[in-house]
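Source file: work.txt; contents: compact mmCIF, C-alpha atoms.
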```txt
# COMPACT_ATOMS: atom_id res chain seq x y z
CA MET O 216 -15.11 -2.63 24.67
CA ARG O 217 -11.35 -3.15 24.75
CA ARG O 218 -9.39 -0.53 26.61
CA LEU O 219 -5.94 0.96 26.39
CA SER O 220 -4.28 1.63 29.73
CA ALA O 221 -0.93 3.14 30.61
CA HIS O 222 0.52 5.48 33.21
CA GLY O 223 -2.64 5.38 35.31
CA LEU O 224 -4.88 6.51 32.45
CA SER O 225 -7.35 4.41 30.55
CA VAL O 226 -9.53 4.89 27.49
CA GLY O 227 -11.98 2.74 25.56
CA LEU O 228 -10.92 1.80 22.06
CA VAL O 229 -13.38 3.45 19.73
CA PRO O 230 -13.02 2.39 16.07
CA GLY O 231 -11.37 5.00 13.92
CA TRP O 232 -9.46 6.68 16.75
CA ASP O 233 -5.68 6.72 17.05
CA VAL O 234 -4.66 6.87 20.70
CA ARG O 235 -1.39 7.31 22.58
CA ILE O 236 -0.82 7.45 26.32
CA GLU O 237 2.72 8.70 26.76
CA ARG O 238 4.94 9.87 29.52
CA ARG O 239 7.97 11.84 28.51
CA PRO O 240 11.04 11.95 30.77
CA ALA O 241 10.62 14.16 33.86
CA SER O 242 7.06 14.94 32.88
CA PHE O 243 3.49 13.88 33.58
CA PRO O 244 1.44 11.58 31.34
CA VAL O 245 -0.37 12.88 28.30
CA LEU O 246 -3.19 11.12 26.47
CA HIS O 247 -3.81 11.99 22.83
CA ALA O 248 -6.64 10.70 20.69
CA SER O 249 -7.60 11.71 17.20
CA THR O 250 -9.84 10.64 14.37
CA GLN O 251 -6.91 11.15 12.04
CA ARG O 252 -3.43 9.72 12.18
CA LEU O 253 -1.41 10.91 15.14
CA PRO O 254 1.98 12.04 13.86
CA ALA O 255 5.06 10.76 15.64
CA VAL O 256 6.03 14.28 16.69
CA ARG O 257 3.35 16.53 18.17
CA GLY O 258 2.94 18.95 21.01
CA ASP O 259 1.02 18.29 24.19
CA TYR O 260 -1.84 20.37 22.81
CA GLY O 261 -1.73 18.84 19.39
CA SER O 262 0.59 21.15 17.49
CA GLY O 263 1.80 19.27 14.46
CA LEU O 264 -1.60 17.64 14.13
CA VAL O 265 -4.37 20.21 14.49
CA GLU O 266 -3.00 22.23 11.57
CA THR O 267 -3.79 19.28 9.29
CA MET O 268 -7.22 18.41 10.69
CA ARG O 269 -10.13 18.13 8.27
CA ARG O 270 -13.63 19.41 8.93
CA GLN O 271 -14.85 16.09 10.30
CA ASP O 272 -11.88 15.43 12.57
CA VAL O 273 -11.64 15.62 16.34
CA PHE O 274 -8.59 15.81 18.59
CA VAL O 275 -8.63 15.10 22.32
CA ALA O 276 -5.77 15.73 24.76
CA LEU O 277 -5.78 14.90 28.44
CA VAL O 278 -2.68 16.56 29.87
CA GLU O 279 -1.71 15.87 33.46
CA PHE O 280 -0.32 18.55 35.75
CA ASP O 281 1.44 18.47 39.07
CA PRO O 282 -1.06 17.29 41.71
CA ALA O 283 -0.36 20.48 43.68
CA ASP O 284 -1.85 22.47 40.82
CA GLY O 285 -5.11 20.65 41.42
CA ARG O 286 -5.56 22.62 44.63
CA THR O 287 -5.61 25.95 42.79
CA PRO O 288 -8.91 27.63 41.77
CA MET O 289 -8.20 27.07 38.09
CA PHE O 290 -8.75 23.32 38.49
CA SER O 291 -12.36 23.68 39.52
CA GLY O 292 -13.76 20.74 37.60
CA ARG O 293 -14.33 17.38 39.26
CA GLY O 294 -14.09 14.28 37.15
CA ILE O 295 -14.06 13.91 33.37
CA PRO O 296 -16.97 15.97 32.05
CA ALA O 297 -19.38 15.21 29.25
CA LEU O 298 -18.85 17.86 26.61
CA ARG O 299 -21.58 20.14 25.29
CA ASP O 300 -21.45 21.95 21.98
CA GLY O 301 -21.79 25.19 23.94
CA ASP O 302 -18.39 24.49 25.53
CA PHE O 303 -16.63 25.11 22.22
CA ASP O 304 -15.40 28.40 20.94
CA PRO O 305 -13.05 29.36 18.11
CA SER O 306 -11.00 31.49 20.51
CA ALA O 307 -10.49 28.57 22.90
CA GLN O 308 -7.89 27.00 20.65
CA GLN O 309 -4.28 27.11 21.74
CA ARG O 310 -3.50 28.68 18.38
CA VAL O 311 -6.56 29.92 16.58
CA ILE O 312 -7.14 28.17 13.26
CA PRO O 313 -9.96 29.69 11.22
CA GLY O 314 -13.04 27.51 10.92
CA MET O 315 -12.12 25.30 13.87
CA CYS O 316 -12.95 25.53 17.56
CA GLY O 317 -11.86 24.11 20.88
CA THR O 318 -12.49 23.83 24.57
CA GLN O 319 -10.14 23.67 27.49
CA GLN O 320 -11.29 22.43 30.87
CA PHE O 321 -9.18 22.08 34.01
CA LEU O 322 -10.23 19.37 36.40
CA VAL O 323 -9.22 17.04 39.17
CA ALA O 324 -9.91 13.33 38.84
CA ASN O 325 -8.92 10.76 41.42
CA GLY O 326 -6.65 13.31 43.08
CA ARG O 327 -4.78 14.07 39.87
CA ALA O 328 -4.88 17.39 38.03
CA PHE O 329 -5.63 17.50 34.30
CA CYS O 330 -6.39 19.76 31.43
CA LEU O 331 -8.89 18.30 28.98
CA TYR O 332 -8.35 20.01 25.65
CA VAL O 333 -10.52 19.16 22.67
CA VAL O 334 -10.36 20.58 19.15
CA LEU O 335 -13.11 20.17 16.56
CA GLY O 336 -12.30 20.41 12.88
CA SER O 337 -15.32 22.58 12.18
CA TRP O 338 -17.11 25.25 14.21
CA VAL O 339 -20.12 24.85 11.93
CA LEU O 340 -20.32 21.10 12.57
CA ARG O 341 -19.66 21.44 16.31
CA ARG O 342 -22.89 19.75 17.35
CA GLN O 343 -22.21 16.44 15.61
CA LEU O 344 -18.47 16.64 16.30
CA THR O 345 -19.16 17.16 20.00
CA ALA O 346 -21.07 13.89 19.93
CA THR O 347 -18.10 12.26 18.22
CA ALA O 348 -15.75 13.66 20.86
CA ASN O 349 -17.98 12.37 23.65
CA THR O 350 -17.81 8.81 22.32
CA LEU O 351 -14.16 8.87 23.34
CA VAL O 352 -14.20 11.33 26.26
CA GLY O 353 -16.96 9.29 27.86
CA THR O 354 -14.61 6.31 28.10
CA LEU O 355 -11.71 8.17 29.77
CA ALA O 356 -10.80 6.92 33.21
CA VAL O 357 -8.16 7.96 35.70
CA GLY O 358 -6.67 5.26 37.90
CA MET T 219 6.23 -67.45 -26.83
CA THR T 220 4.25 -64.93 -28.84
CA VAL T 221 1.59 -64.88 -26.18
CA VAL T 222 4.17 -64.09 -23.50
CA VAL T 223 5.63 -61.23 -25.59
CA TRP T 224 2.18 -59.74 -26.16
CA ALA T 225 1.38 -60.10 -22.48
CA LEU T 226 4.58 -58.23 -21.63
CA VAL T 227 3.75 -55.52 -24.14
CA VAL T 228 0.31 -55.08 -22.58
CA VAL T 229 1.77 -54.92 -19.06
CA VAL T 230 4.40 -52.35 -20.13
CA ALA T 231 1.73 -50.29 -21.89
CA LEU T 232 -0.42 -50.33 -18.77
CA LEU T 233 2.55 -49.31 -16.64
CA VAL T 234 3.35 -46.44 -19.01
CA LEU T 235 -0.27 -45.29 -18.81
CA MET T 236 -0.13 -45.45 -15.02
CA VAL T 237 3.11 -43.44 -14.87
CA VAL T 238 1.70 -40.81 -17.24
CA GLY T 239 -1.41 -40.61 -15.10
CA LEU T 240 0.62 -40.20 -11.94
CA LEU T 241 2.79 -37.52 -13.51
CA ARG T 242 -0.25 -35.63 -14.68
CA SER T 243 -1.85 -35.90 -11.26
CA HIS T 244 1.38 -34.67 -9.68
CA ALA T 245 1.48 -31.71 -12.07
CA GLU T 246 -2.12 -30.83 -11.22
CA ILE T 247 -1.33 -30.90 -7.52
CA LEU T 248 1.75 -28.72 -8.02
CA ARG T 249 -0.24 -26.24 -10.07
CA ALA T 250 -3.00 -26.12 -7.47
CA LEU T 251 -0.46 -25.55 -4.72
CA HIS T 252 1.16 -22.82 -6.78
CA ASP T 253 -2.19 -21.13 -7.21
CA LEU T 254 -2.61 -21.24 -3.45
CA GLY T 255 0.70 -19.45 -3.05
CA VAL T 256 2.83 -22.44 -2.06
CA ASN T 257 6.15 -22.57 -3.84
CA LEU T 258 7.80 -25.93 -3.27
CA GLU T 259 10.95 -24.93 -5.08
CA ALA T 260 11.78 -22.15 -2.66
CA ASP T 261 13.35 -22.58 0.74
CA PRO T 262 10.38 -23.69 2.82
CA ALA T 263 11.68 -21.66 5.72
CA ARG T 264 11.51 -18.56 3.54
CA PRO T 265 8.27 -18.66 1.63
CA THR T 266 7.88 -15.74 -0.73
CA THR T 267 4.32 -14.90 -1.49
CA PHE T 268 1.96 -12.05 -0.98
CA ASP T 269 -1.56 -12.62 -2.17
CA LEU T 270 -4.34 -10.13 -2.27
CA ARG T 271 -7.79 -11.38 -1.48
CA ASP T 272 -11.03 -10.30 -3.00
CA PRO T 273 -12.48 -7.38 -1.09
CA VAL T 274 -14.04 -8.48 2.12
CA ARG T 275 -16.05 -6.66 4.68
CA ALA T 276 -14.34 -5.54 7.84
CA ALA T 277 -16.03 -5.57 11.20
CA GLU T 278 -18.50 -2.73 11.19
CA PRO T 279 -17.46 0.08 13.54
CA GLU T 280 -19.80 1.05 16.30
CA PRO T 281 -22.08 3.83 15.10
CA THR T 282 -21.18 7.31 16.20
CA PRO T 283 -24.22 9.36 17.19
CA GLY T 284 -24.73 12.20 14.79
CA VAL T 285 -22.13 11.01 12.34
CA ALA T 286 -22.97 9.14 9.19
CA GLY T 287 -21.32 5.74 9.09
CA PRO T 288 -19.50 4.22 6.12
CA LEU T 289 -21.50 2.72 3.33
CA PRO T 290 -22.10 -1.01 3.84
CA SER T 291 -19.84 -3.23 1.77
CA SER T 292 -20.45 -6.71 0.52
CA GLY T 293 -18.58 -9.91 1.17
CA PRO T 294 -18.06 -12.14 4.15
CA LEU T 295 -17.33 -10.69 7.52
CA VAL T 296 -13.67 -10.91 8.43
CA ALA T 297 -11.80 -9.39 11.25
CA ALA T 298 -9.41 -6.57 10.57
CA HIS T 299 -8.37 -5.36 13.98
CA ASP T 300 -7.04 -2.13 15.35
CA VAL T 301 -3.52 -2.63 16.66
CA VAL T 302 -3.28 -2.15 20.40
CA GLY T 303 -0.27 -2.60 22.64
CA VAL T 304 2.65 -0.72 24.10
CA SER T 305 5.55 1.13 22.56
CA PRO T 306 9.10 -0.03 23.32
CA GLU T 307 9.22 2.88 25.79
CA GLY T 308 6.20 1.48 27.66
CA ASP T 309 3.63 3.99 26.43
CA GLY T 310 0.14 2.89 25.46
CA VAL T 311 -0.51 2.77 21.71
CA ALA T 312 -3.71 2.14 19.78
CA VAL T 313 -3.45 2.49 16.02
CA ALA T 314 -6.73 2.67 14.14
CA VAL T 315 -6.69 0.26 11.22
CA THR T 316 -10.41 -0.26 10.78
CA ALA T 317 -12.77 2.65 10.22
CA VAL T 318 -10.04 4.84 8.81
CA ARG T 319 -9.79 6.41 5.40
CA THR T 320 -6.33 5.25 4.37
CA PRO T 321 -4.73 1.85 3.73
CA THR T 322 -2.46 0.34 6.34
CA LEU T 323 0.45 -2.02 5.89
CA ILE T 324 1.11 -3.91 9.10
CA ALA T 325 4.63 -5.32 9.26
CA PHE T 326 5.03 -8.05 11.85
CA LEU T 327 8.73 -8.11 12.69
CA SER T 328 11.02 -9.40 15.37
CA SER T 329 14.16 -8.00 16.93
CA GLY T 330 15.83 -11.40 16.77
CA CYS T 331 15.40 -12.62 13.21
CA ALA T 332 18.10 -11.85 10.68
CA THR T 333 15.58 -11.54 7.84
CA CYS T 334 13.72 -8.81 9.72
CA LEU T 335 16.83 -6.66 9.86
CA ASP T 336 16.45 -5.78 6.18
CA PHE T 337 12.98 -4.40 6.86
CA TRP T 338 13.99 -2.44 9.94
CA GLU T 339 16.72 -0.80 7.87
CA ALA T 340 14.46 -0.22 4.86
CA PHE T 341 11.81 1.52 6.95
CA ALA T 342 14.39 4.06 8.10
CA ASP T 343 13.89 5.59 4.66
CA GLU T 344 10.65 7.54 4.79
CA ALA T 345 9.97 6.82 1.12
CA ASN T 346 9.78 3.09 1.89
CA ARG T 347 6.99 3.50 4.41
CA THR T 348 4.26 3.94 1.83
CA ILE T 349 4.74 0.71 -0.10
CA GLY T 350 1.23 -0.22 0.99
CA GLY T 351 -0.05 2.35 -1.47
CA PRO T 352 -0.30 6.11 -1.82
CA GLY T 353 -1.22 7.73 1.48
CA SER T 354 -0.89 4.46 3.33
CA GLN T 355 0.42 4.21 6.84
CA LEU T 356 2.97 1.72 8.09
CA VAL T 357 2.65 0.07 11.48
CA VAL T 358 5.40 -2.20 12.72
CA VAL T 359 4.27 -4.79 15.22
CA THR T 360 6.46 -7.00 17.38
CA LYS T 361 5.43 -9.49 20.00
CA GLY T 362 4.78 -8.11 23.45
CA PRO T 363 7.36 -7.32 26.14
CA GLU T 364 6.89 -10.83 27.53
CA ALA T 365 8.42 -12.26 24.34
CA GLU T 366 10.58 -9.42 22.99
CA SER T 367 13.14 -7.18 24.63
CA PRO T 368 11.77 -3.62 24.55
CA SER T 369 15.28 -2.17 24.58
CA ALA T 370 16.32 -4.35 21.63
CA VAL T 371 13.22 -3.28 19.71
CA ALA T 372 13.77 0.38 20.62
CA LYS T 373 17.23 0.25 19.05
CA LEU T 374 15.78 -1.01 15.78
CA VAL T 375 12.76 1.28 15.40
CA PRO T 376 13.57 4.12 13.02
CA ASP T 377 12.51 7.63 14.02
CA GLY T 378 8.98 8.40 12.96
CA VAL T 379 7.90 4.77 12.60
CA VAL T 380 4.98 3.64 14.74
CA CYS T 381 5.97 0.46 16.55
CA VAL T 382 3.54 -1.49 18.69
CA MET T 383 4.54 -4.41 20.87
CA SER T 384 1.46 -6.58 20.94
CA GLU T 385 0.94 -10.29 21.39
CA HIS T 386 -2.75 -9.66 20.74
CA ALA T 387 -2.07 -8.33 17.25
CA PHE T 388 -0.15 -11.49 16.34
CA GLU T 389 -3.11 -13.54 17.51
CA ASP T 390 -5.73 -11.28 15.94
CA TYR T 391 -4.15 -11.61 12.52
CA GLY T 392 -3.05 -15.24 12.91
CA VAL T 393 0.56 -14.39 12.14
CA PRO T 394 2.49 -17.65 11.63
CA VAL T 395 6.00 -16.25 11.37
CA ALA T 396 7.98 -13.02 11.33
CA PRO T 397 8.48 -11.22 9.02
CA TYR T 398 4.85 -11.23 7.94
CA PHE T 399 2.81 -8.51 6.28
CA VAL T 400 -0.88 -7.67 6.22
CA LEU T 401 -2.41 -5.06 3.96
CA VAL T 402 -5.67 -3.44 5.07
CA ASP T 403 -7.44 -1.16 2.62
CA ALA T 404 -9.06 2.19 3.25
CA THR T 405 -12.37 0.56 4.09
CA GLY T 406 -10.77 -1.47 6.86
CA ALA T 407 -10.84 -4.78 4.97
CA VAL T 408 -7.90 -7.15 5.01
CA ILE T 409 -7.06 -7.41 1.34
CA GLY T 410 -3.76 -9.24 1.42
CA GLU T 411 -1.18 -10.94 3.53
CA GLY T 412 2.01 -12.86 3.10
CA VAL T 413 5.70 -13.15 3.65
CA ALA T 414 8.81 -11.95 1.87
CA PRO T 415 12.50 -12.55 2.56
CA SER T 416 13.60 -8.99 1.76
CA PHE T 417 12.20 -5.52 1.43
CA ASP T 418 12.83 -5.42 -2.31
CA GLN T 419 10.93 -8.67 -2.71
CA LEU T 420 8.07 -7.36 -0.60
CA ARG T 421 7.85 -4.25 -2.76
CA SER T 422 7.84 -6.38 -5.89
CA LEU T 423 5.22 -8.78 -4.52
CA LEU T 424 3.02 -5.93 -3.34
CA ASP T 425 3.24 -4.16 -6.69
CA LYS T 426 2.37 -7.36 -8.50
CA ALA T 427 -0.43 -8.27 -6.15
CA VAL T 428 -1.98 -4.80 -6.38
CA ALA T 429 -1.68 -4.85 -10.16
CA ASP T 430 -3.25 -8.31 -10.29
CA ARG T 431 -6.12 -7.19 -8.12
CA ALA T 432 -6.67 -4.05 -10.12
CA GLY T 433 -7.15 -6.18 -13.19
CA ARG T 434 -9.22 -8.77 -11.31
CA ARG T 435 -7.12 -11.51 -12.88
CA SER T 436 -6.24 -14.71 -11.11
CA ARG T 437 -2.68 -15.85 -10.94
CA ARG T 438 -3.63 -18.96 -12.89
CA GLU T 439 -5.05 -16.83 -15.65
CA LEU T 440 -1.86 -14.81 -15.80
CA LEU T 441 0.39 -17.86 -15.78
CA ARG T 442 -1.53 -19.76 -18.38
CA GLY T 443 -1.88 -16.80 -20.65
CA ARG T 444 -5.48 -17.74 -21.32
CA GLN T 445 -7.16 -14.98 -23.29
CA ARG T 446 -3.91 -13.05 -22.96
CA ALA T 447 -4.10 -11.55 -26.43
CA ALA T 448 -7.65 -10.35 -25.89
CA ARG T 449 -6.71 -8.87 -22.53
CA ILE T 450 -3.69 -7.05 -23.94
CA ASP T 451 -5.79 -5.65 -26.80
CA ARG T 452 -8.41 -4.49 -24.33
CA GLU T 453 -5.88 -2.84 -22.02
CA LEU T 454 -4.15 -1.11 -24.93
CA ALA T 455 -7.50 0.14 -26.20
CA GLU T 456 -8.35 1.47 -22.72
CA ALA T 457 -5.04 3.32 -22.78
CA GLY T 458 -5.96 4.84 -26.12
CA ILE T 459 -3.48 2.74 -28.10
CA THR T 460 -5.23 1.34 -31.13
CA PRO T 461 -3.89 -0.20 -34.38
CA GLY T 462 -1.78 2.39 -36.17
CA HIS T 463 -1.00 4.34 -33.02
CA PRO T 464 2.35 6.18 -33.45
CA SER T 465 3.82 4.65 -30.30
CA LEU T 466 3.64 1.24 -31.93
CA HIS T 467 5.87 2.28 -34.79
CA SER T 468 8.35 4.70 -33.26
CA ASP T 469 11.94 3.69 -32.61
CA PRO T 470 12.32 3.31 -28.84
CA ARG T 471 16.06 3.85 -29.04
CA PRO T 472 17.24 7.31 -27.98
CA GLN T 473 17.85 9.61 -30.91
CA ASP T 474 21.26 11.27 -31.17
```
Spit out the file's structure as structure tokens when you get a sec.
Amino acid sequence: MRRLSAHGLSVGLVPGWDVRIERRPASFPVLHASTQRLPAVRGDYGSGLVETMRRQDVFVALVEFDPADGRTPMFSGRGIPALRDGDFDPSAQQRVIPGMCGTQQFLVANGRAFCLYVVLGSWVLRRQLTATANTLVGTLAVG
Amino acid sequence: MTVVVWALVVVVALLVLMVVGLLRSHAEILRALHDLGVNLEADPARPTTFDLRDPVRAAEPEPTPGVAGPLPSSGPLVAAHDVVGVSPEGDGVAVAVTAVRTPTLIAFLSSGCATCLDFWEAFADEANRTIGGPGSQLVVVTKGPEAESPSAVAKLVPDGVVCVMSEHAFEDYGVPVAPYFVLVDATGAVIGEGVAPSFDQLRSLLDKAVADRAGRRSRRELLRGRQRAARIDRELAEAGITPGHPSLHSDPRPQD
């Protein structure tokens, strides 16, 4: 599988996924991946995109934080996790959109602190969409 | 003497036959080349053609557990490729072209060619970014940072346009020259490719190519006009215009 790498982050190229690994000035890298087109302008947690997601769509964001944050209790996770459908909840979205659900997990990988934020286009279809999300999340790597 | 005259007449007649044969053969070759999209009358450095292919099957995406895959399509396997590279700012970019639900027009441009400038400017207008069809996405691809200046490309990329610097994409699609355009349909199949010297010409060629494909008519059929009358009658009938229809008899000039 071909991979996309930039700014010390890497992801496998899964067909049908748009991916960006960006680093804005004076900020930490952000990885975005979506099963629908990524708009040119979007927030770190997908604002500008998640509002237009369809039922079968998935959005993944891996947002890096200051490494010092990784030493706080909030960043309790170690490594990129495999997602379970039980991780998702409608109230876990940054901005609650009816019918959709999300999960937010704070973790440390390779000494770097991250928030893994995933939105599913349908709470009802969360089981199959979790599997879709894992096809991409399972390829994430931190250099 | 008479024998010599008749011999000369025979020789001249044979020569005339040979010349006619050669001319006919030449015409056949020219027509065949034209059908293949080669226009010898145009500036060879600026070929102007955009041909749509018959639908072909894109590389099948890897199955996603729990998610139904697309219906299988027919036709030979060809490689439409996702576009992967870096942005002029150095960010990683992967644009899904296969296994998506919308058509994609990939514009292979360069920061250095004068012809490309027209396209860079045209794509600044958001309305021009969907010439690949309704709901289509536009992806501009340049060669990688090893062959193009990222800062020069960054100055040319209009806001909101996805630009990927990727040597791989040029190789994947066998791009011979910039500007060059590839149209991938919603099923991920490469359905057309070609060159155009200006944005207006590209729009015109795309419109024509899409219209041709919609009617499943070959260019030769269109040029020769074979069965043209029957085709026109059929298309009019499909549009509900039959003999005696009012639109055939009304005065098209505006009424005062």
>> Only residues of chain T matter here; which ones have an atom within 6 Å of chain O, counting all atoms listed in the file? Give them as a list in words.
In response: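 So the contacting residues turn out to be Pro279, Gly284, Asp309, Gly310, Val311, Ala312, Val313, Ala314, Ala317, Val318 and Gly378 of chain T.
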> If you count only C-alpha atoms, which residues fall within 7 Å of stretch 324-340 of chain T, apart from same-chain ones fewer than 4 positions away, as a list in words?
Replying inline: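 Those residues are Asn346, Leu356, Val357, Val358, Val359, Thr360, Ala370, Val371, Leu374, Val375, Ala396, Pro397, Tyr398, Phe399, Val400, Leu401, Pro415, Ser416 and Phe417 of chain T.
With only C-alpha atoms as the basis for measurement, T:Ala298 is the residue among T:Ala298, T:Ala245, T:Val221, T:Val228 that approaches T:Val315 most closely.
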>> Env of T:Asp403: 8 Å cut, atoms = all atoms listed in the file, seq-sep filter 5 positions within chain, self excluded. Answer as a list in words.
In response: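 Counting only the stated atoms, we get Thr320, Pro321, Thr322, Val408 and Ile409 of chain T.
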> Counting all atoms listed in the file, what is within 7 Å of stretch 311-319 of chain O, bar same-chain residues fewer than 4 positions away, as number ranges by chain?
Replying inline: O: 302-307, 330-338
> Which one is closest to O:Ser262: O:Phe329, O:Phe280, O:Phe274, O:Phe243? Count all atoms listed in the file.
Replying inline: O:Phe274
I want to know what sits within 9 Å of O:Gly223, based on all atoms listed in the file, with residues of the same chain fewer than 5 positions away left out; could you give that as a PDB file with C-alpha atoms, in the coordinates of the input?
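The result, written out as selection-v4.pdb:
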```pdb
ATOM      1  CA  PRO O 244       1.440  11.580  31.340  1.00  0.00           C
ATOM      2  CA  ALA O 356     -10.800   6.920  33.210  1.00  0.00           C
ATOM      3  CA  VAL O 357      -8.160   7.960  35.700  1.00  0.00           C
ATOM      4  CA  GLY O 358      -6.670   5.260  37.900  1.00  0.00           C
TER       5      GLY O 358
END
```
> What gap, in Å, lies between atom CA of O:Met289 and atom CA of O:Leu322?
Replying inline: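 Computing it gives 8.1 Å between the two atoms.
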> For O:Gln309, which residue out of O:Gly227, O:Gly261, O:Pro240, O:Gly294 is the nearest one, using all atoms listed in the file?
Replying inline: O:Gly261
>> Every residue with an atom at most 12 Å from (-13.3, 14.0, 34.9) (file coordinates; only C-alpha atoms) is what I'm after, so could you write them as an MDAnalysis selection string?
In response: chainID O and resid 224 277 279 290:298 320:331 352:358
> Do you have the atom CA of O:Met268-atom CA of O:Arg310 distance handy?
Replying inline: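 Value for the atom CA of O:Met268-atom CA of O:Arg310 distance: 13.4 Å.
As for atom CA of T:Gly362 and atom CA of T:Gly410, they are spaced 23.7 Å apart.
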> For O:Asp281, which of O:Ser242, O:Leu264, O:Arg257, O:Leu351 is the closest residue, counting all atoms listed in the file?
Replying inline: O:Ser242
> Using all atoms listed in the file, which of T:Val402, T:Cys381, T:Val393, T:Ile349 sits nearest T:Leu423?
Replying inline: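 The closest residue to T:Leu423 is T:Ile349.
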